[in-house]
$ cat coords_11.cif   # mmCIF, C-alpha atoms
data_entry
loop_
_atom_site.group_PDB
_atom_site.id
_atom_site.type_symbol
_atom_site.label_atom_id
_atom_site.label_comp_id
_atom_site.auth_asym_id
_atom_site.auth_seq_id
_atom_site.Cartn_x
_atom_site.Cartn_y
_atom_site.Cartn_z
ATOM 1 C CA MET A 1 101.279 106.217 99.047
ATOM 2 C CA THR A 2 99.356 107.305 95.966
ATOM 3 C CA GLU A 3 96.685 105.315 94.158
ATOM 4 C CA LEU A 4 99.055 105.133 91.210
ATOM 5 C CA ALA A 5 101.759 103.532 93.374
ATOM 6 C CA LYS A 6 99.215 101.054 94.759
ATOM 7 C CA ARG A 7 98.134 100.120 91.251
ATOM 8 C CA TYR A 8 101.652 99.674 89.876
ATOM 9 C CA GLY A 9 103.037 97.912 92.963
ATOM 10 C CA GLY A 10 99.948 95.717 93.189
ATOM 11 C CA SER A 11 100.178 94.776 89.522
ATOM 12 C CA LEU A 12 103.796 93.721 89.930
ATOM 13 C CA TYR A 13 102.799 91.683 92.976
ATOM 14 C CA ASP A 14 100.022 89.957 91.020
ATOM 15 C CA LEU A 15 102.508 89.006 88.310
ATOM 16 C CA ALA A 16 105.037 87.776 90.884
ATOM 17 C CA ALA A 17 102.352 85.704 92.647
ATOM 18 C CA GLU A 18 101.342 84.035 89.380
ATOM 19 C CA GLU A 19 104.965 83.062 88.784
ATOM 20 C CA SER A 20 105.721 82.140 92.452
ATOM 21 C CA LEU A 21 108.380 84.853 92.599
ATOM 22 C CA THR A 22 106.974 87.041 95.365
ATOM 23 C CA GLU A 23 109.854 86.629 97.810
ATOM 24 C CA GLN A 24 112.608 87.010 95.219
ATOM 25 C CA LEU A 25 111.060 90.127 93.711
ATOM 26 C CA GLN A 26 110.458 91.575 97.197
ATOM 27 C CA GLN A 27 114.163 91.291 97.963
ATOM 28 C CA GLU A 28 115.202 92.689 94.597
ATOM 29 C CA LEU A 29 112.798 95.627 94.857
ATOM 30 C CA ASP A 30 114.229 96.411 98.287
ATOM 31 C CA LEU A 31 117.715 96.335 96.788
ATOM 32 C CA ALA A 32 116.730 98.652 93.929
ATOM 33 C CA MET A 33 115.008 101.002 96.367
ATOM 34 C CA GLU A 34 118.072 101.094 98.617
ATOM 35 C CA CYS A 35 120.307 101.909 95.637
ATOM 36 C CA CYS A 36 118.026 104.783 94.658
ATOM 37 C CA ARG A 37 117.849 105.986 98.253
ATOM 38 C CA ARG A 38 121.646 106.034 98.514
ATOM 39 C CA GLU A 39 122.019 107.816 95.166
ATOM 40 C CA PRO A 40 119.250 110.421 94.880
ATOM 41 C CA ASP A 41 121.097 112.035 91.956
ATOM 42 C CA TYR A 42 120.676 108.798 90.002
ATOM 43 C CA LEU A 43 116.933 108.883 90.632
ATOM 44 C CA ARG A 44 116.809 112.509 89.426
ATOM 45 C CA LEU A 45 118.811 111.529 86.332
ATOM 46 C CA LEU A 46 116.272 108.806 85.530
ATOM 47 C CA SER A 47 113.501 111.384 85.877
ATOM 48 C CA THR A 48 115.104 114.005 83.609
ATOM 49 C CA PRO A 49 112.889 114.459 80.533
ATOM 50 C CA GLY A 50 115.795 116.030 78.599
ATOM 51 C CA ILE A 51 117.501 112.640 78.424
ATOM 52 C CA PRO A 52 115.866 110.306 75.903
ATOM 53 C CA LYS A 53 113.862 107.436 77.403
ATOM 54 C CA ARG A 54 115.990 104.922 75.558
ATOM 55 C CA GLU A 55 119.159 106.193 77.276
ATOM 56 C CA ARG A 56 117.517 106.269 80.706
ATOM 57 C CA CYS A 57 116.263 102.707 80.238
ATOM 58 C CA GLY A 58 119.757 101.701 79.124
ATOM 59 C CA LEU A 59 121.107 103.093 82.389
ATOM 60 C CA LEU A 60 118.638 100.896 84.266
ATOM 61 C CA ASP A 61 119.732 97.851 82.257
ATOM 62 C CA GLN A 62 123.360 98.534 83.210
ATOM 63 C CA ALA A 63 122.744 99.326 86.868
ATOM 64 C CA PHE A 64 120.379 96.437 87.590
ATOM 65 C CA ALA A 65 121.645 93.786 85.154
ATOM 66 C CA GLY A 66 121.722 91.057 87.837
ATOM 67 C CA LEU A 67 118.109 91.484 88.907
ATOM 68 C CA HIS A 68 115.133 89.528 87.640
ATOM 69 C CA PRO A 69 113.843 90.858 84.295
ATOM 70 C CA TYR A 70 110.458 91.621 85.884
ATOM 71 C CA VAL A 71 112.095 94.064 88.302
ATOM 72 C CA VAL A 72 114.241 95.687 85.609
ATOM 73 C CA ASN A 73 111.263 95.995 83.256
ATOM 74 C CA PHE A 74 109.146 97.400 86.075
ATOM 75 C CA LEU A 75 111.773 100.082 86.695
ATOM 76 C CA LYS A 76 111.865 100.805 82.957
ATOM 77 C CA ILE A 77 108.080 101.245 82.865
ATOM 78 C CA LEU A 78 108.262 103.705 85.747
ATOM 79 C CA CYS A 79 111.076 105.534 83.967
ATOM 80 C CA GLU A 80 109.274 105.664 80.621
ATOM 81 C CA GLU A 81 106.067 106.909 82.230
ATOM 82 C CA GLY A 82 107.900 109.563 84.263
ATOM 83 C CA LEU A 83 106.962 107.843 87.515
ATOM 84 C CA MET A 84 110.337 107.146 89.126
ATOM 85 C CA GLY A 85 109.241 109.367 92.009
ATOM 86 C CA GLU A 86 106.570 106.754 92.774
ATOM 87 C CA LEU A 87 109.109 103.955 93.245
ATOM 88 C CA SER A 88 109.060 104.023 97.051
ATOM 89 C CA GLY A 89 105.243 103.928 97.082
ATOM 90 C CA CYS A 90 105.228 101.042 94.601
ATOM 91 C CA VAL A 91 107.688 99.096 96.752
ATOM 92 C CA ARG A 92 105.569 99.793 99.848
ATOM 93 C CA ALA A 93 102.398 98.651 98.042
ATOM 94 C CA TYR A 94 104.151 95.459 96.927
ATOM 95 C CA ARG A 95 105.361 94.825 100.497
ATOM 96 C CA GLU A 96 101.868 95.361 101.928
ATOM 97 C CA ARG A 97 100.401 92.790 99.552
ATOM 98 C CA TYR A 98 103.272 90.381 100.273
ATOM 99 C CA ASN A 99 102.828 90.775 104.031
ATOM 100 C CA ALA A 100 99.059 90.304 103.820
ATOM 101 C CA ASP A 101 99.437 87.103 101.787
ATOM 102 C CA HIS A 102 102.110 85.686 104.104
ATOM 103 C CA GLY A 103 100.577 86.601 107.477
ATOM 104 C CA ILE A 104 103.255 89.155 108.328
ATOM 105 C CA LEU A 105 102.816 92.308 110.372
ATOM 106 C CA GLU A 106 105.469 94.994 110.420
ATOM 107 C CA ALA A 107 105.976 96.667 113.754
ATOM 108 C CA THR A 108 108.215 99.552 114.707
ATOM 109 C CA VAL A 109 109.432 99.915 118.256
ATOM 110 C CA THR A 110 111.024 103.136 119.467
ATOM 111 C CA SER A 111 113.094 103.205 122.637
ATOM 112 C CA ALA A 112 115.596 105.529 124.281
ATOM 113 C CA VAL A 113 118.364 102.940 124.006
ATOM 114 C CA PRO A 114 118.730 99.883 121.750
ATOM 115 C CA LEU A 115 116.798 96.834 122.916
ATOM 116 C CA THR A 116 118.716 93.887 124.285
ATOM 117 C CA GLU A 117 118.409 90.660 122.327
ATOM 118 C CA ASP A 118 116.359 89.138 125.164
ATOM 119 C CA ALA A 119 113.948 92.106 125.250
ATOM 120 C CA ARG A 120 113.607 92.006 121.458
ATOM 121 C CA GLN A 121 112.792 88.291 121.479
ATOM 122 C CA LYS A 122 110.229 88.685 124.275
ATOM 123 C CA LEU A 123 108.548 91.583 122.485
ATOM 124 C CA VAL A 124 108.335 89.692 119.191
ATOM 125 C CA ALA A 125 107.075 86.525 120.915
ATOM 126 C CA GLY A 126 104.401 88.496 122.787
ATOM 127 C CA LEU A 127 103.240 90.278 119.651
ATOM 128 C CA GLN A 128 103.121 87.034 117.688
ATOM 129 C CA ALA A 129 101.089 85.375 120.430
ATOM 130 C CA ARG A 130 98.582 88.263 120.509
ATOM 131 C CA THR A 131 98.236 88.725 116.758
ATOM 132 C CA GLY A 132 98.748 85.189 115.485
ATOM 133 C CA LYS A 133 100.992 86.610 112.766
ATOM 134 C CA ILE A 134 104.685 86.702 112.015
ATOM 135 C CA ILE A 135 106.185 89.948 113.298
ATOM 136 C CA HIS A 136 108.920 91.813 111.451
ATOM 137 C CA LEU A 137 110.292 94.234 114.012
ATOM 138 C CA ASN A 138 111.976 97.477 112.999
ATOM 139 C CA GLU A 139 113.824 99.241 115.783
ATOM 140 C CA ARG A 140 114.451 102.925 116.293
ATOM 141 C CA THR A 141 116.289 104.664 119.060
ATOM 142 C CA ASP A 142 115.231 108.128 120.111
ATOM 143 C CA PRO A 143 116.725 109.503 123.330
ATOM 144 C CA SER A 144 113.881 112.036 123.599
ATOM 145 C CA VAL A 145 111.447 109.273 124.641
ATOM 146 C CA LEU A 146 113.486 109.083 127.891
ATOM 147 C CA GLY A 147 112.404 105.512 128.678
ATOM 148 C CA GLY A 148 109.764 102.914 127.924
ATOM 149 C CA LEU A 149 108.624 101.840 124.468
ATOM 150 C CA ARG A 150 106.483 103.231 121.676
ATOM 151 C CA LEU A 151 105.079 100.563 119.372
ATOM 152 C CA ASP A 152 103.548 101.202 115.955
ATOM 153 C CA LEU A 153 101.702 98.125 114.738
ATOM 154 C CA ASP A 154 99.206 97.862 111.898
ATOM 155 C CA GLY A 155 98.199 101.516 112.035
ATOM 156 C CA THR A 156 97.930 101.571 115.832
ATOM 157 C CA ARG A 157 100.330 103.346 118.171
ATOM 158 C CA LEU A 158 100.851 102.074 121.698
ATOM 159 C CA ASP A 159 102.864 104.652 123.593
ATOM 160 C CA GLY A 160 104.280 103.636 126.959
ATOM 161 C CA THR A 161 107.166 106.075 126.922
ATOM 162 C CA VAL A 162 108.163 108.383 129.739
ATOM 163 C CA GLN A 163 107.889 111.266 127.263
ATOM 164 C CA ARG A 164 104.205 110.468 126.629
ATOM 165 C CA ARG A 165 103.448 110.051 130.317
ATOM 166 C CA LEU A 166 104.990 113.458 131.000
ATOM 167 C CA GLU A 167 102.881 114.984 128.200
ATOM 168 C CA LEU A 168 99.712 113.493 129.717
ATOM 169 C CA LEU A 169 100.692 114.741 133.165
ATOM 170 C CA ARG A 170 101.404 118.209 131.749
ATOM 171 C CA ASP A 171 97.948 118.232 130.112
ATOM 172 C CA GLU A 172 96.287 117.170 133.377
ATOM 173 C CA ILE A 173 98.029 119.902 135.323
ATOM 174 C CA ALA A 174 97.134 122.508 132.684
ATOM 175 C CA ASN A 175 93.445 121.530 132.899
ATOM 176 C CA VAL A 176 93.186 121.670 136.690
ATOM 177 C CA VAL A 177 90.686 124.292 137.821
ATOM 178 C CA LEU A 178 91.396 125.869 141.191
#
$ encode --input "coords_11.cif" --output "structure tokens"
Amino acid sequence: MTELAKRYGGSLYDLAAEESLTEQLQQELDLAMECCRREPDYLRLLSTPGIPKRERCGLLDQAFAGLHPYVVNFLKILCEEGLMGELSGCVRAYRERYNADHGILEATVTSAVPLTEDARQKLVAGLQARTGKIIHLNERTDPSVLGGLRLDLDGTRLDGTVQRRLELLRDEIANVVL
């Protein structure tokens, strides 16, 4: 995330906090980001300098007419300044500020197979007990981990996967002096 994205996303968050709209704008930014992620050609169109700014902003008005004016105007500012490529960073910066203000930690767990509901609930409960914060758990499946869990939480990686244990064992064997 660039400093520019932090500044823009943080400024939108400050405005939303003043108006008590942080949750609504968070959801609407996620929706706008998902639309742009699904349609990368649309994002490129909005970034094309050959199309007048007025027309590009009109496209945003049409596409996001149901969203809060703050979100639509934010997207227009990014478009006018040629910063649509920074949208994902701005959304991430907004989310970080939102999470910090609401005591939320985002965690990502990677496992070889999807977690059962019981395992998911136990993991979230354990993390909440240890951190004292609300945990939003994102799940990934990656068969290459073979078994166990890899947890990314607040910039820290806890890796209890079979894949990692095999890597450590391989390193130990490679460093054995006979």
$ resolve_selection --input "coords_11.cif" --expression "the PyMOL selection byres ((chain A and resi 118-121) around 12)" --output "compact mmCIF listing (two decimals) with C-alpha atoms, in the coordinates of the input"
# COMPACT_ATOMS: atom_id res chain seq x y z
CA ALA A 107 105.98 96.67 113.75
CA THR A 108 108.22 99.55 114.71
CA VAL A 109 109.43 99.92 118.26
CA THR A 110 111.02 103.14 119.47
CA SER A 111 113.09 103.20 122.64
CA VAL A 113 118.36 102.94 124.01
CA PRO A 114 118.73 99.88 121.75
CA LEU A 115 116.80 96.83 122.92
CA THR A 116 118.72 93.89 124.28
CA GLU A 117 118.41 90.66 122.33
CA LYS A 122 110.23 88.68 124.28
CA LEU A 123 108.55 91.58 122.48
CA VAL A 124 108.34 89.69 119.19
CA ALA A 125 107.08 86.52 120.92
CA GLY A 126 104.40 88.50 122.79
CA LEU A 127 103.24 90.28 119.65
CA GLN A 128 103.12 87.03 117.69
CA ILE A 135 106.18 89.95 113.30
CA HIS A 136 108.92 91.81 111.45
CA LEU A 137 110.29 94.23 114.01
CA ASN A 138 111.98 97.48 113.00
CA GLU A 139 113.82 99.24 115.78
CA GLY A 148 109.76 102.91 127.92
CA LEU A 149 108.62 101.84 124.47
$ residues_around --input "coords_11.cif" --residues "region 154-165 of chain A" --least-positions-apart "3" --cutoff "8 Å" --atoms "all atoms listed in the file" --output "list in words"
Leu105, Glu106, Ala107, Ser111, Ser144, Val145, Leu146, Gly147, Gly148, Leu149, Arg150, Leu151, Leu168 and Leu169 of chain A
$ write_last_selection --input "coords_11.cif" --atoms "C-alpha atoms" --output "PDB file, in the coordinates of the input"
ATOM      1  CA  LEU A 105     102.816  92.308 110.372  1.00  0.00           C
ATOM      2  CA  GLU A 106     105.469  94.994 110.420  1.00  0.00           C
ATOM      3  CA  ALA A 107     105.976  96.667 113.754  1.00  0.00           C
ATOM      4  CA  SER A 111     113.094 103.205 122.637  1.00  0.00           C
ATOM      5  CA  SER A 144     113.881 112.036 123.599  1.00  0.00           C
ATOM      6  CA  VAL A 145     111.447 109.273 124.641  1.00  0.00           C
ATOM      7  CA  LEU A 146     113.486 109.083 127.891  1.00  0.00           C
ATOM      8  CA  GLY A 147     112.404 105.512 128.678  1.00  0.00           C
ATOM      9  CA  GLY A 148     109.764 102.914 127.924  1.00  0.00           C
ATOM     10  CA  LEU A 149     108.624 101.840 124.468  1.00  0.00           C
ATOM     11  CA  ARG A 150     106.483 103.231 121.676  1.00  0.00           C
ATOM     12  CA  LEU A 151     105.079 100.563 119.372  1.00  0.00           C
ATOM     13  CA  LEU A 168      99.712 113.493 129.717  1.00  0.00           C
ATOM     14  CA  LEU A 169     100.692 114.741 133.165  1.00  0.00           C
TER      15      LEU A 169
END
$ residues_around --input "coords_11.cif" --residues "Tyr94 (chain A)" --least-positions-apart "4" --cutoff "12 Å" --atoms "all atoms listed in the file" --output "PDB file with C-alpha atoms, in the coordinates of the input"
ATOM      1  CA  MET A   1     101.279 106.217  99.047  1.00  0.00           C
ATOM      2  CA  ALA A   5     101.759 103.532  93.374  1.00  0.00           C
ATOM      3  CA  LYS A   6      99.215 101.054  94.759  1.00  0.00           C
ATOM      4  CA  ARG A   7      98.134 100.120  91.251  1.00  0.00           C
ATOM      5  CA  TYR A   8     101.652  99.674  89.876  1.00  0.00           C
ATOM      6  CA  GLY A   9     103.037  97.912  92.963  1.00  0.00           C
ATOM      7  CA  GLY A  10      99.948  95.717  93.189  1.00  0.00           C
ATOM      8  CA  SER A  11     100.178  94.776  89.522  1.00  0.00           C
ATOM      9  CA  LEU A  12     103.796  93.721  89.930  1.00  0.00           C
ATOM     10  CA  TYR A  13     102.799  91.683  92.976  1.00  0.00           C
ATOM     11  CA  ASP A  14     100.022  89.957  91.020  1.00  0.00           C
ATOM     12  CA  LEU A  15     102.508  89.006  88.310  1.00  0.00           C
ATOM     13  CA  ALA A  16     105.037  87.776  90.884  1.00  0.00           C
ATOM     14  CA  ALA A  17     102.352  85.704  92.647  1.00  0.00           C
ATOM     15  CA  THR A  22     106.974  87.041  95.365  1.00  0.00           C
ATOM     16  CA  GLU A  23     109.854  86.629  97.810  1.00  0.00           C
ATOM     17  CA  LEU A  25     111.060  90.127  93.711  1.00  0.00           C
ATOM     18  CA  GLN A  26     110.458  91.575  97.197  1.00  0.00           C
ATOM     19  CA  GLN A  27     114.163  91.291  97.963  1.00  0.00           C
ATOM     20  CA  GLU A  28     115.202  92.689  94.597  1.00  0.00           C
ATOM     21  CA  LEU A  29     112.798  95.627  94.857  1.00  0.00           C
ATOM     22  CA  ASP A  30     114.229  96.411  98.287  1.00  0.00           C
ATOM     23  CA  VAL A  71     112.095  94.064  88.302  1.00  0.00           C
ATOM     24  CA  LEU A  87     109.109 103.955  93.245  1.00  0.00           C
ATOM     25  CA  SER A  88     109.060 104.023  97.051  1.00  0.00           C
ATOM     26  CA  GLY A  89     105.243 103.928  97.082  1.00  0.00           C
ATOM     27  CA  CYS A  90     105.228 101.042  94.601  1.00  0.00           C
ATOM     28  CA  TYR A  98     103.272  90.381 100.273  1.00  0.00           C
ATOM     29  CA  ASN A  99     102.828  90.775 104.031  1.00  0.00           C
ATOM     30  CA  ALA A 100      99.059  90.304 103.820  1.00  0.00           C
ATOM     31  CA  ASP A 101      99.437  87.103 101.787  1.00  0.00           C
TER      32      ASP A 101
END
$ atom_distance --input "coords_11.cif" --atom1 "CA of Leu46 (chain A)" --atom2 "CA of Cys79 (chain A)"
6.3 Å
$ atom_distance --input "coords_11.cif" --atom1 "CA of Thr141 (chain A)" --atom2 "CA of Glu39 (chain A)"
24.8 Å
$ closest_residue --input "coords_11.cif" --among "A:Pro69, A:Lys133, A:Arg170, A:Arg37" --to "Gly103 (chain A)" --atoms "all atoms listed in the file"
A:Lys133
$ closest_residue --input "coords_11.cif" --among "A:Ala63, A:His102, A:Ile173, A:Phe74" --to "Cys36 (chain A)" --atoms "only C-alpha atoms"
A:Ala63
$ atom_distance --input "coords_11.cif" --atom1 "CA of Gln24 (chain A)" --atom2 "CA of Thr48 (chain A)"
29.5 Å
